[in-house]
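Everything on this sheet refers to the single structure shown next.
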Amino acid sequence: MFRSKKTGILVVALLTVLSMSGSCFAAEGDIDIADLQQGLDTVWVLLGAFLVFFMQAGFGMVEAGFIRAKNTCNILTKNFLDFCMASVGFFVVGYALMFGEGNGFCGFSGWCLAGAESGADVPLFAFWLFQAAFCGAAATIVAGGMAERMKFVAYLVYSLIISAFIYPVIGHWIWGGGWLAGMGFSDFAGSAVVHTTGGVAALVGTFMLKPRAGKYGIDGKPKAIQAHSIPLASLGVFILWFGWFGFNAGSTLSVGNGELIGRVAINTSLAAALGGIAALMTVWKRFGKPDLSMAMNGALAGLVAVTAPCAFIDPWAAMVIGAIGGVLVVFGVGILDKLKIDDPVGAFPVHGICGIWGTLAVGIFGQSSLDLKNDGLLYGGGLAQLGTQFIGIAAVVGFVVVSMGLVFKLIDLTIGLRVSEKEELQGLDISEHGMESYGGFQIFSSM
Amino acid sequence: MFRSKKTGILVVALLTVLSMSGSCFAAEGDIDIADLQQGLDTVWVLLGAFLVFFMQAGFGMVEAGFIRAKNTCNILTKNFLDFCMASVGFFVVGYALMFGEGNGFCGFSGWCLAGAESGADVPLFAFWLFQAAFCGAAATIVAGGMAERMKFVAYLVYSLIISAFIYPVIGHWIWGGGWLAGMGFSDFAGSAVVHTTGGVAALVGTFMLKPRAGKYGIDGKPKAIQAHSIPLASLGVFILWFGWFGFNAGSTLSVGNGELIGRVAINTSLAAALGGIAALMTVWKRFGKPDLSMAMNGALAGLVAVTAPCAFIDPWAAMVIGAIGGVLVVFGVGILDKLKIDDPVGAFPVHGICGIWGTLAVGIFGQSSLDLKNDGLLYGGGLAQLGTQFIGIAAVVGFVVVSMGLVFKLIDLTIGLRVSEKEELQGLDISEHGMESYGGFQIFSSM
Amino acid sequence: MFRSKKTGILVVALLTVLSMSGSCFAAEGDIDIADLQQGLDTVWVLLGAFLVFFMQAGFGMVEAGFIRAKNTCNILTKNFLDFCMASVGFFVVGYALMFGEGNGFCGFSGWCLAGAESGADVPLFAFWLFQAAFCGAAATIVAGGMAERMKFVAYLVYSLIISAFIYPVIGHWIWGGGWLAGMGFSDFAGSAVVHTTGGVAALVGTFMLKPRAGKYGIDGKPKAIQAHSIPLASLGVFILWFGWFGFNAGSTLSVGNGELIGRVAINTSLAAALGGIAALMTVWKRFGKPDLSMAMNGALAGLVAVTAPCAFIDPWAAMVIGAIGGVLVVFGVGILDKLKIDDPVGAFPVHGICGIWGTLAVGIFGQSSLDLKNDGLLYGGGLAQLGTQFIGIAAVVGFVVVSMGLVFKLIDLTIGLRVSEKEELQGLDISEHGMESYGGFQIFSSM
C-alpha cells in the first residue's frame with residue numbers, strides 16, 4: 001500500500017516543463033491518454049465484476065428466502081460452493097473453451113489462462129474476473145429450481161461441469177467469436193448466454209428430480225409451500241437489481257461511449273421497475289392479492305429480459321420489454337404448476353422464459369438508428385435480425401436440454417440426484433449438513 | 001448538486017479554438033481528454049446512482065426491522081413498489097418538472113425525457129438515473145412513518161404523486177434553476193430537497209393516520225412496540241451509510257475537483273459516526289441503557305444533517321453537525337411520543353428534523369474560504385446565507401405540509417388511508433397480501 | 001459484449017504519429033491529464049473506501065449469525081459503535097501516529113489531520129477515509145472472539161484504544177515508513193497490519209475472558225453452541241468477499257498500473273474460492289458432514305491469507321495460498337477447542353493464523369519477476385524476504401500480545417471485562433441493552 005508521492009509530483013513537473021518547451025514532446029502526454037483510457041476501462045470492468053459477484057449473495061438470499069427453513073443452510077451451501085467451483089472450472093478449462101482460439105463450436109487455447117488473451121481492452125485478469133462472475137451466475141440459477149431435494153454432492157459435481165464446459169461453449173458461440181457471433185446473433189449482456197442457459201438447465205433438473213414431497217396432493221392440485229423469509233428474499237432481489245447494473249452496464253467493457261453506458265443503465269432500471277409493476281398488477285387481478293414474491297420475480301423477469309437488448313433500445317422499449325417479462329413470469333409460474341413441474345423459486349419462468357423473451361426482443365425492438373458499430377456491438381437490425389435471434393436461442397435451448405439432460409442423467413445413475421424421502425422430510429440442513437439454519441428458533445415440521 | 005454547464009462548455013470551446021490555432025494536430029488528443037473526462041464523470045455519477053439505488057434496500061431493511069413481523073411483508077411491498085412507481089412517475093412527468101425549461105416554480109419541457117437535457121456534464125440517461133434514485137429515496141422515507149396501518153393501494157397512489165409532482169417541484173426550486181436557486185439557497189446533496197421533503201411528508205401522513213392500535217394506553221402513556229428484527233435494521237443502516245457515500249460524493253456530479261469529493265466523503269462518514277455516538281450517549285444518560293436502535297437512528301440523523309453542508313465545511317464541523325443531529329433525534333422521538341404522534345421508525349425525527357437542521361447548518365458552518373465557485377456550487381456565506389437557508393427551508397416545509405396534506409386528504413376521502421382495525425390487528429401481511437413474512441416461524445399476536 | 005481491440009490500437013498509433021508532428025499547445029492537454037489521473041485515482045481509492053466500509057456490515061452479520069440470538073443485539077451494537085469510535089480515534093490521533101512525520105516507531109504530526117499529508121497521490125481526505133475503514137476492520141475483528149460475555153462499556157474503551165494507538169503504531173512500522181518498511185517488510189494490503197493485529201488481539205481477549213458459561217462440560221469436552229442464523233452469517237461472508245475487492249484492489253491506491261489491479265482482483269477471488277473448497281473438503285473428511293460455517297470461514301481464511309501477497313503472485317499461487325488457509329482454519333478451530341480457548345466465531349484462526357500465514361507466504365510465493373518497483377511496492381524477494389517476513393510478523397504478534405494484554409488487563413481491573421454470570425445466562429441483549437433482537441420471536445434459554 002506504500003507509494004511514494006514523489007514519482008507523481010515528478011511526473012507532473014516533467015510534463016509541465018515538456019509542455020512549455022516548444023517543439024513538443026507531446027508523445028508522453030498522448031501515451032498517458034491511452035494508459036488513462038485503459039485504466040478507466042479497467043476500473044469500470046472491475047466495478048462490474050465486483051457487482052456481478054455480489055449478485056451471488058442476491059441469488060443466495062432469494063433462494064433461501066423462498067424455501068423452507070429446514071433446507072436453508074443446504075441451499076446457501078450450494079450457492080456458496082457453486083461460485084467457488086465455478087471459479088476453478090472457469091479458470092482451468094472454461095475460459096479457454098469460451099475465449100481461446102479454436103473453431104466455431106469452442107476455443108482450444110489458454111488453459112489455466114496460460115497464454116490466454118483478454119477479450120477486451122482491459123487486462124486479462126480483470127476481464128477473466130468479470131466473465132467468471134457471469135459464469136457463476138449461470139451456475140447458481142439452477143440451485144433454486146432444484147431446491148429442497150437435490151443431493152449436495154450431486155450439486156457440486158453439476159456446478160463444476162456447467163461452469164467448466166456447458167456455459168463456456170455457449171459463451172464461445174455468442175461472445176467468443178463462435179458460429180452464432182458469425183451469424184450476427186446479438187446478446188448484449190447475456191439474456192441467452194447466462195439466463196437462458198441457467199433457466200433451461202434448472203427446468204431440465206427440476207423435471208428430472210420430480211416434485212417435492214407433498215407439493216401435489218392426491219387430487220393433483222398444487223399446494224403452496226410457504227416462503228420462510230420474505231425479508232431475506234426481498235433483500236436478495238434488491239441486491240440482484242443493484243448487481244445487475246454491473247452486469248449490464250459493465251458489459252460495455254469500456255467507458256469510451258458514455259451515451260451507451262447511460263442508455264444501458266437507465267434501460268436496466270426501467271425494465272425492472274415495469275416488470276415489478278406488471279407482475280404485481282397481473283397477480284392482483286388474477287388472484288385478488290398484491291403478492292410481493294410475484295412482484296419481485298417480475299422485477300427479476302424485467303431485468304433478465306432487458307439484458308440482451310439494453311444497448312440497442314430506447315427507454316420506452318425497455319419499459320415495454322420489462323412489463324411483458326413481468327406478465328410472462330406470472331403465467332409461466334401458473335403453467336409449470338399445471339404441468340406439475342415443481343420449480344420452488346421460479347427459476348425457469350424468470351431466467352428461462354424471460355431469457356428467451358429478451359433474446360427475441362432484440363430483433364423486435366432494436367434500433368439500427370443507434371449507431372453502435374464503433375463500439376463493436378453486434379446488431380444488424382430488421383427482420384433478418386429477428387430470424388437470427390430465433391435460430392440462436394433455439395440452438396442454446398436445444399444444446400442445454402441435451403447436454404444438461406445427459407449430465408443430470410449421468411449424475412443420477414452414479415451419485416444419485418435426489419435425497420431419500422426421509423432426508424427430505426427431515427430437511428436437508430440436518431440430513432446433509434448436520435446443522436440447523438436457525439439454532440434455537442427453528443420449528444421442524446413435515447411441510 | 002447544481003453545476004453550471006458553462007464551465008465545461010467553455011473549456012471545450014477553448015480547447016477547440018486552441019487545437020485549430022496552430023500547426024499542430026493536437027485536436028485529437030484534446031478531444032480525447034474531454035471524452036475521458038466525460039467518461040470518468042459518467043462512471044462517477046453512475047456509481048453514485050447504483051449506490052443510491054441500493055439505499056432502497058437499506059430503507060426496506062430498516063423499516064421492516066423496526067416494525068412487527070406481522071406487517072413486514074406489507075412494508076417491504078410498499079418499499080419495493082414505491083421505487084418502481086417513482087421510476088415511472090419521474091420518467092414521464094417528474095424530470096420535466098424538475099429540470100425542464102420553465103419558470104421559477106417548475107419546469108415544463110422534456111416529458112418522458114423527449115428533448116430533455118442533462119443537468120450536468122454527463123449523458124442525460126446517466127443523470128436521470130442518479131436523480132431518479134434520489135426521487136425514490138424521498139418517496140420511501142414516508143413508508144416508515146406511516147407503517148403498520150396504511151392501506152397498500154393508498155400507498156401506491158401516494159408514491160406516484162410525490163415522485164411525479166411534489167418532489168420534482170421542490171427539486172426545481174433548488175436544483176433545477178428555480179426561485180430558491182436564484183436566491184442562492186444552498187443544499188449540496190439534499191437535506192432539504194430529499195430528506196426534509198420525505199420527513200415532513202411522513203409527519204403529515206402519520207399525523208393524519210393517527211396512532212397504531214394499542215400504541216397509547218388508556219392512561220395516555222406510550223407503550224413500546226418492539227422491533228421484530230434488530231439484525232435486519234442494523235444491516236439496513238449499514239447499507240444506508242454505504243449508499244450515502246454515493247448520495248453525497250456522487251452529488252459532485254464530476255470528478256474534476258478531487259479535493260471536493262474527498263471532502264464530501266470524509267464529512268459524510270464522520271457525521272454519521274458522531275451522530276451514532278452522540279445519540280447513544282444521550283439515550284444512555286436519559287434512559288440508562290445504550291440503545292442500538294437509537295444509535296443507528298443517530299447515525300442516520302448525522303448523515304441527513306451533513307447532506308446539505310458536506311461540500312462547504314471542514315471535518316470538525318461535520319462532526320459537530322452530526323453530533324447535534326444525533327442528539328436532536330433522541331429528543332425528537334421523545335417529543336413526538338409526548339404529542340401522541342406515532343411514527344414507528346422515527347422517519348420525521350431523522351429525516352425531517354435533521355433535514356431542517358442540516359439545511360440551516362450550511363449557513364452556520366459553511367466556509368466561504370473554500371473556493372468552490374469553479375465547481376458551480378451555490379454558497380454565498382455569511383449571515384445572508386443563513387437567512388436564505390431559513391426562507392428556503394420554511395418554503396419547503398410549508399409546501400410539503402400543504403400539498404401532501406391535500407394529497408393524503410384526497411386519498412383518505414376516496415380510497416381511504418387506513419386499514420380497518422380488524423385488519424390492523426391481524427397484521428397487514430395476511431389482510432392485505434394474503435401471506436406471512438416468516439412462514440413456519442411466525443407468531444401472530446394482537447401486539 | 002464483443003469488442004474489437006483494433007480500434008483502440010489504431011487510435012493510439014494515430015495519436016503517436018500526430019504527437020510527433022509539430023509545435024503545439026499541448027500544455028493544456030498535459031495538465032488536464034495529470035488532473036484526470038488524480039481524479040481517476042481518487043475515484044478508485046474512494047470506491048475502495050466505500051467497499052471496505054461496507055465490510056463492517058459483513059463483520060456484523062457474520063458475528064451476529066454465528067452466535068446466539070440472546071446476544072445478537074449486543075454484538076451488533078459493538079460492531080456498529082466500534083466503527084464510530086475508530087473514526088474518532090483515527091481522526092484525532094491515529095492518522096498522525098501512522099502517517100505523520102516521526103521516527104521508526106511512530107509518527108508525531110498531523111493530529112486531527114491538521115497539516116497532515118496524504119500517503120498517496122490522492123487528496124488527504126480520500127486517503128484518510130480509506131485508511132480509517134481499514135482501522136475499523138482491525139477493531140471489529142475482536143468483537144467476534146470476545147462475543148457473548150464481554151461488557152459493552154469495556155468494548156467501547158477497547159475499540160477507542162486499538163484504533164487510536166495500537167493499530168496506527170503497527171501501521172506506521174509497515175505502511176507509514178517505519179522500521180519494518182525500512183527493512184523491506186512486505187504486506188501489500190494488510191494480512192499483518194489489519195488481520196494479524198485484529199486476530200491476535202482477539203486471541204488475547206478471548207483467553208483473558210475465559211470460555212462462555214457451558215462451553216466446556218465437567219468432563220472438559222467442548223459443547224457446540226449453535227449459530228442462531230446461518231443466513232445472516234452467509235450474507236455477511238458474501239459482503240466481506242465483495243468488500244475485500246476494495247480492500248485489496250483499492251490498496252493499489254492508483255489506477256496507473258491496470259495489470260496490477262487486475263492481478264490483485266483475480267488473486268483475491270481465487271484465494272477465497274479455494275479457501276472455501278479446501279475447508280469444506282477438510283471438515284467433510286474429518287467430521288463427515290460438509291459444514292457451511294467452516295466453508296465460509298475457509299473463504300475468509302483464503303481472503304486473509306492472500307491479502308499480503310496478492311500483488312506479487314500469479315493466480316496459481318493465490319489458489320495454493322488460499323487452499324492452505326482453508327485447511328489451517330479447520331485445524332486452528334480444533335486446536336483452540338483442545339486448548340479450551342473459546343473463540344465463538346473463529347476470529348483467531350481466520351484472521352490471526354491466516355494473517356501470519358499470508359505474511360509469510362509473501363516470502364515463499366512472491367515473484368521478483370513481476371517488476372513492481374514503478375508502483376513503489378516493497379518486495380525484494382528471495383530467502384532474505386522470507387526472513388524479513390518472519391521478523392516482521394513476530395514483531396507484530398509480540399507487540400499486539402504485550403500491548404493488548406496490558407490494555408485488557410487495565411480494563412479488567414477498572415471497568416471489568418466480563419459481564420456477571422447472571423447477565424450472561426440472561427443474554428447480553430436484555431441485561432446490557434434492555435431489548436430483544438427478535439421481539440415477538442425470541443426464545444430465551446440457558447444455552
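Scheme for the C-alpha cells: letters A, B, ... for chains in order shown; per-chain residue numbers from 1; ligand numbers from 1 in order shown.
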Quiz prompt | Cα RMSD of chain B after least-squares fit onto chain C, all atoms paired in order | solution =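 It comes to 5.3 Å after superposition.
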Exercise. Determine which residues of stretch 131-307 of chain C receive a DSSP assignment of alpha helix (DSSP H), computed from the backbone, and state them as a VMD selection string.
Key: chain C and resid 131 to 145 152 to 161 167 to 175 179 to 183 197 to 209 230 to 249 258 to 287 292 to 307
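Taking atom CA of C:Gly355 and atom CA of B:Phe238 as endpoints, the distance between them is 25.9 Å.
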Self-check item: Residues within 8 Å of B:Phe312, only C-alpha atoms, excluding chain neighbours under 2 positions, as number ranges by chain
Solution: B: 309-310, 314, 362, 365-368, 370, 379
Same residues, C-alpha atoms, saved as a CSV table (one decimal), in the first residue's frame:
```
chain,number,residue,atom,x,y,z
B,309,PRO,CA,-23.4,21.3,4.1
B,310,CYS,CA,-20.9,18.5,3.4
B,314,ASP,CA,-14.2,21.1,7.4
B,362,VAL,CA,-25.0,25.4,5.8
B,365,PHE,CA,-20.8,26.3,9.5
B,366,GLY,CA,-20.2,26.9,5.7
B,367,GLN,CA,-16.8,28.4,4.9
B,368,SER,CA,-16.5,30.9,2.2
B,370,LEU,CA,-13.3,27.0,0.4
B,379,TYR,CA,-22.7,29.1,-1.5
```
Env of C:Phe287: 12 Å cut, atoms = only C-alpha atoms, seq-sep filter 6 positions within chain, self excluded. Answer as a PDB file with C-alpha atoms, in the first residue's frame.
```pdb
ATOM      1  CA  HIS A 433     -25.059 -30.888   6.818  1.00  0.00           C
ATOM      2  CA  GLY A 434     -25.834 -31.863  10.379  1.00  0.00           C
TER       3      GLY A 434
ATOM      4  CA  ALA C 279     -12.060 -26.003   4.271  1.00  0.00           C
ATOM      5  CA  LEU C 280     -15.225 -27.793   3.142  1.00  0.00           C
ATOM      6  CA  MET C 281     -13.289 -30.835   1.992  1.00  0.00           C
ATOM      7  CA  MET C 294     -16.462 -23.922   8.097  1.00  0.00           C
ATOM      8  CA  VAL C 330     -10.197 -26.062  10.270  1.00  0.00           C
ATOM      9  CA  PHE C 331      -7.233 -27.265  12.288  1.00  0.00           C
ATOM     10  CA  GLY C 334      -9.797 -27.701  16.518  1.00  0.00           C
TER      11      GLY C 334
END
```
Quiz item: Got a sec: who's within 9 Å of A:Ser251, counting only C-alpha atoms, leaving out chain neighbours fewer than 3 positions off, as a ChimeraX atom specification?
Solution: /A:45,48,130,188-189,246-248,254,261 /C:1-2
Next, the residues of the selection above should be written as a short mmCIF file (atom, residue, chain, number, x, y, z; two decimals), in the first residue's frame with N, CA and C atoms.
```
data_model
loop_
_atom_site.label_atom_id
_atom_site.label_comp_id
_atom_site.auth_asym_id
_atom_site.auth_seq_id
_atom_site.Cartn_x
_atom_site.Cartn_y
_atom_site.Cartn_z
N VAL A 45 -14.69 -2.19 -15.66
CA VAL A 45 -14.92 -3.63 -15.77
C VAL A 45 -14.79 -4.30 -14.40
N GLY A 48 -17.83 -3.60 -12.45
CA GLY A 48 -18.84 -4.54 -12.93
C GLY A 48 -18.64 -5.92 -12.33
N PHE A 130 -14.48 -10.63 -14.49
CA PHE A 130 -15.82 -10.22 -14.94
C PHE A 130 -16.56 -11.41 -15.54
N PHE A 188 -26.48 -8.67 -25.85
CA PHE A 188 -25.55 -7.71 -25.28
C PHE A 188 -24.91 -8.17 -23.97
N ALA A 189 -25.75 -8.53 -22.99
CA ALA A 189 -25.16 -8.86 -21.68
C ALA A 189 -25.60 -10.21 -21.16
N GLY A 246 -24.06 -3.63 -12.71
CA GLY A 246 -22.73 -4.08 -13.14
C GLY A 246 -22.79 -5.08 -14.27
N PHE A 247 -23.78 -5.96 -14.19
CA PHE A 247 -23.98 -7.00 -15.21
C PHE A 247 -24.20 -6.36 -16.59
N ASN A 248 -25.10 -5.43 -16.67
CA ASN A 248 -25.43 -4.84 -17.97
C ASN A 248 -24.52 -3.69 -18.34
N SER A 254 -16.11 -0.91 -21.60
CA SER A 254 -15.34 0.30 -21.86
C SER A 254 -16.19 1.50 -21.51
N ILE A 261 -23.29 3.69 -22.01
CA ILE A 261 -23.44 3.14 -20.67
C ILE A 261 -24.60 3.79 -19.93
N MET C 1 -21.28 -7.62 -25.93
CA MET C 1 -20.08 -7.60 -25.11
C MET C 1 -18.81 -7.70 -25.94
N PHE C 2 -18.96 -8.12 -27.17
CA PHE C 2 -17.82 -8.33 -28.04
C PHE C 2 -17.27 -7.01 -28.53
#
```
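Here atom CA of C:Val320 is placed at a distance of 17.4 Å from atom CA of A:Phe125.
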Quiz prompt | Shell of 9 Å around B:Ala147, only C-alpha atoms, local chain residues under 3 positions omitted, as a list in words | solution =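 Once the nearby chain positions are removed, what remains is Glu63, Ile67, Asn71, Asn74, Ile75, Val142, Ala143, Gly144, Met150, Thr206, Arg212, Asp343, Pro344 and Val345 of chain B.
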Quiz prompt | Point-to-point distance from atom CA of C:Ala318 to atom CA of C:Gly398, Å rounded to tenths | solution =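 Spanning atom CA of C:Ala318 to atom CA of C:Gly398 is a straight-line distance of 27.3 Å.
Distance check against chain C using only C-alpha atoms: of A:Ile174, A:Leu97, A:Ala154, A:Val400, the minimum falls on A:Ile174.
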Quiz item: Looking at B:Ser163, B:Thr307, B:Ser234, B:Thr42, which one is nearest to B:Val264, with distances taken over only C-alpha atoms?
Solution: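 Counting only C-alpha atoms, the residue closest to B:Val264 is B:Thr307.
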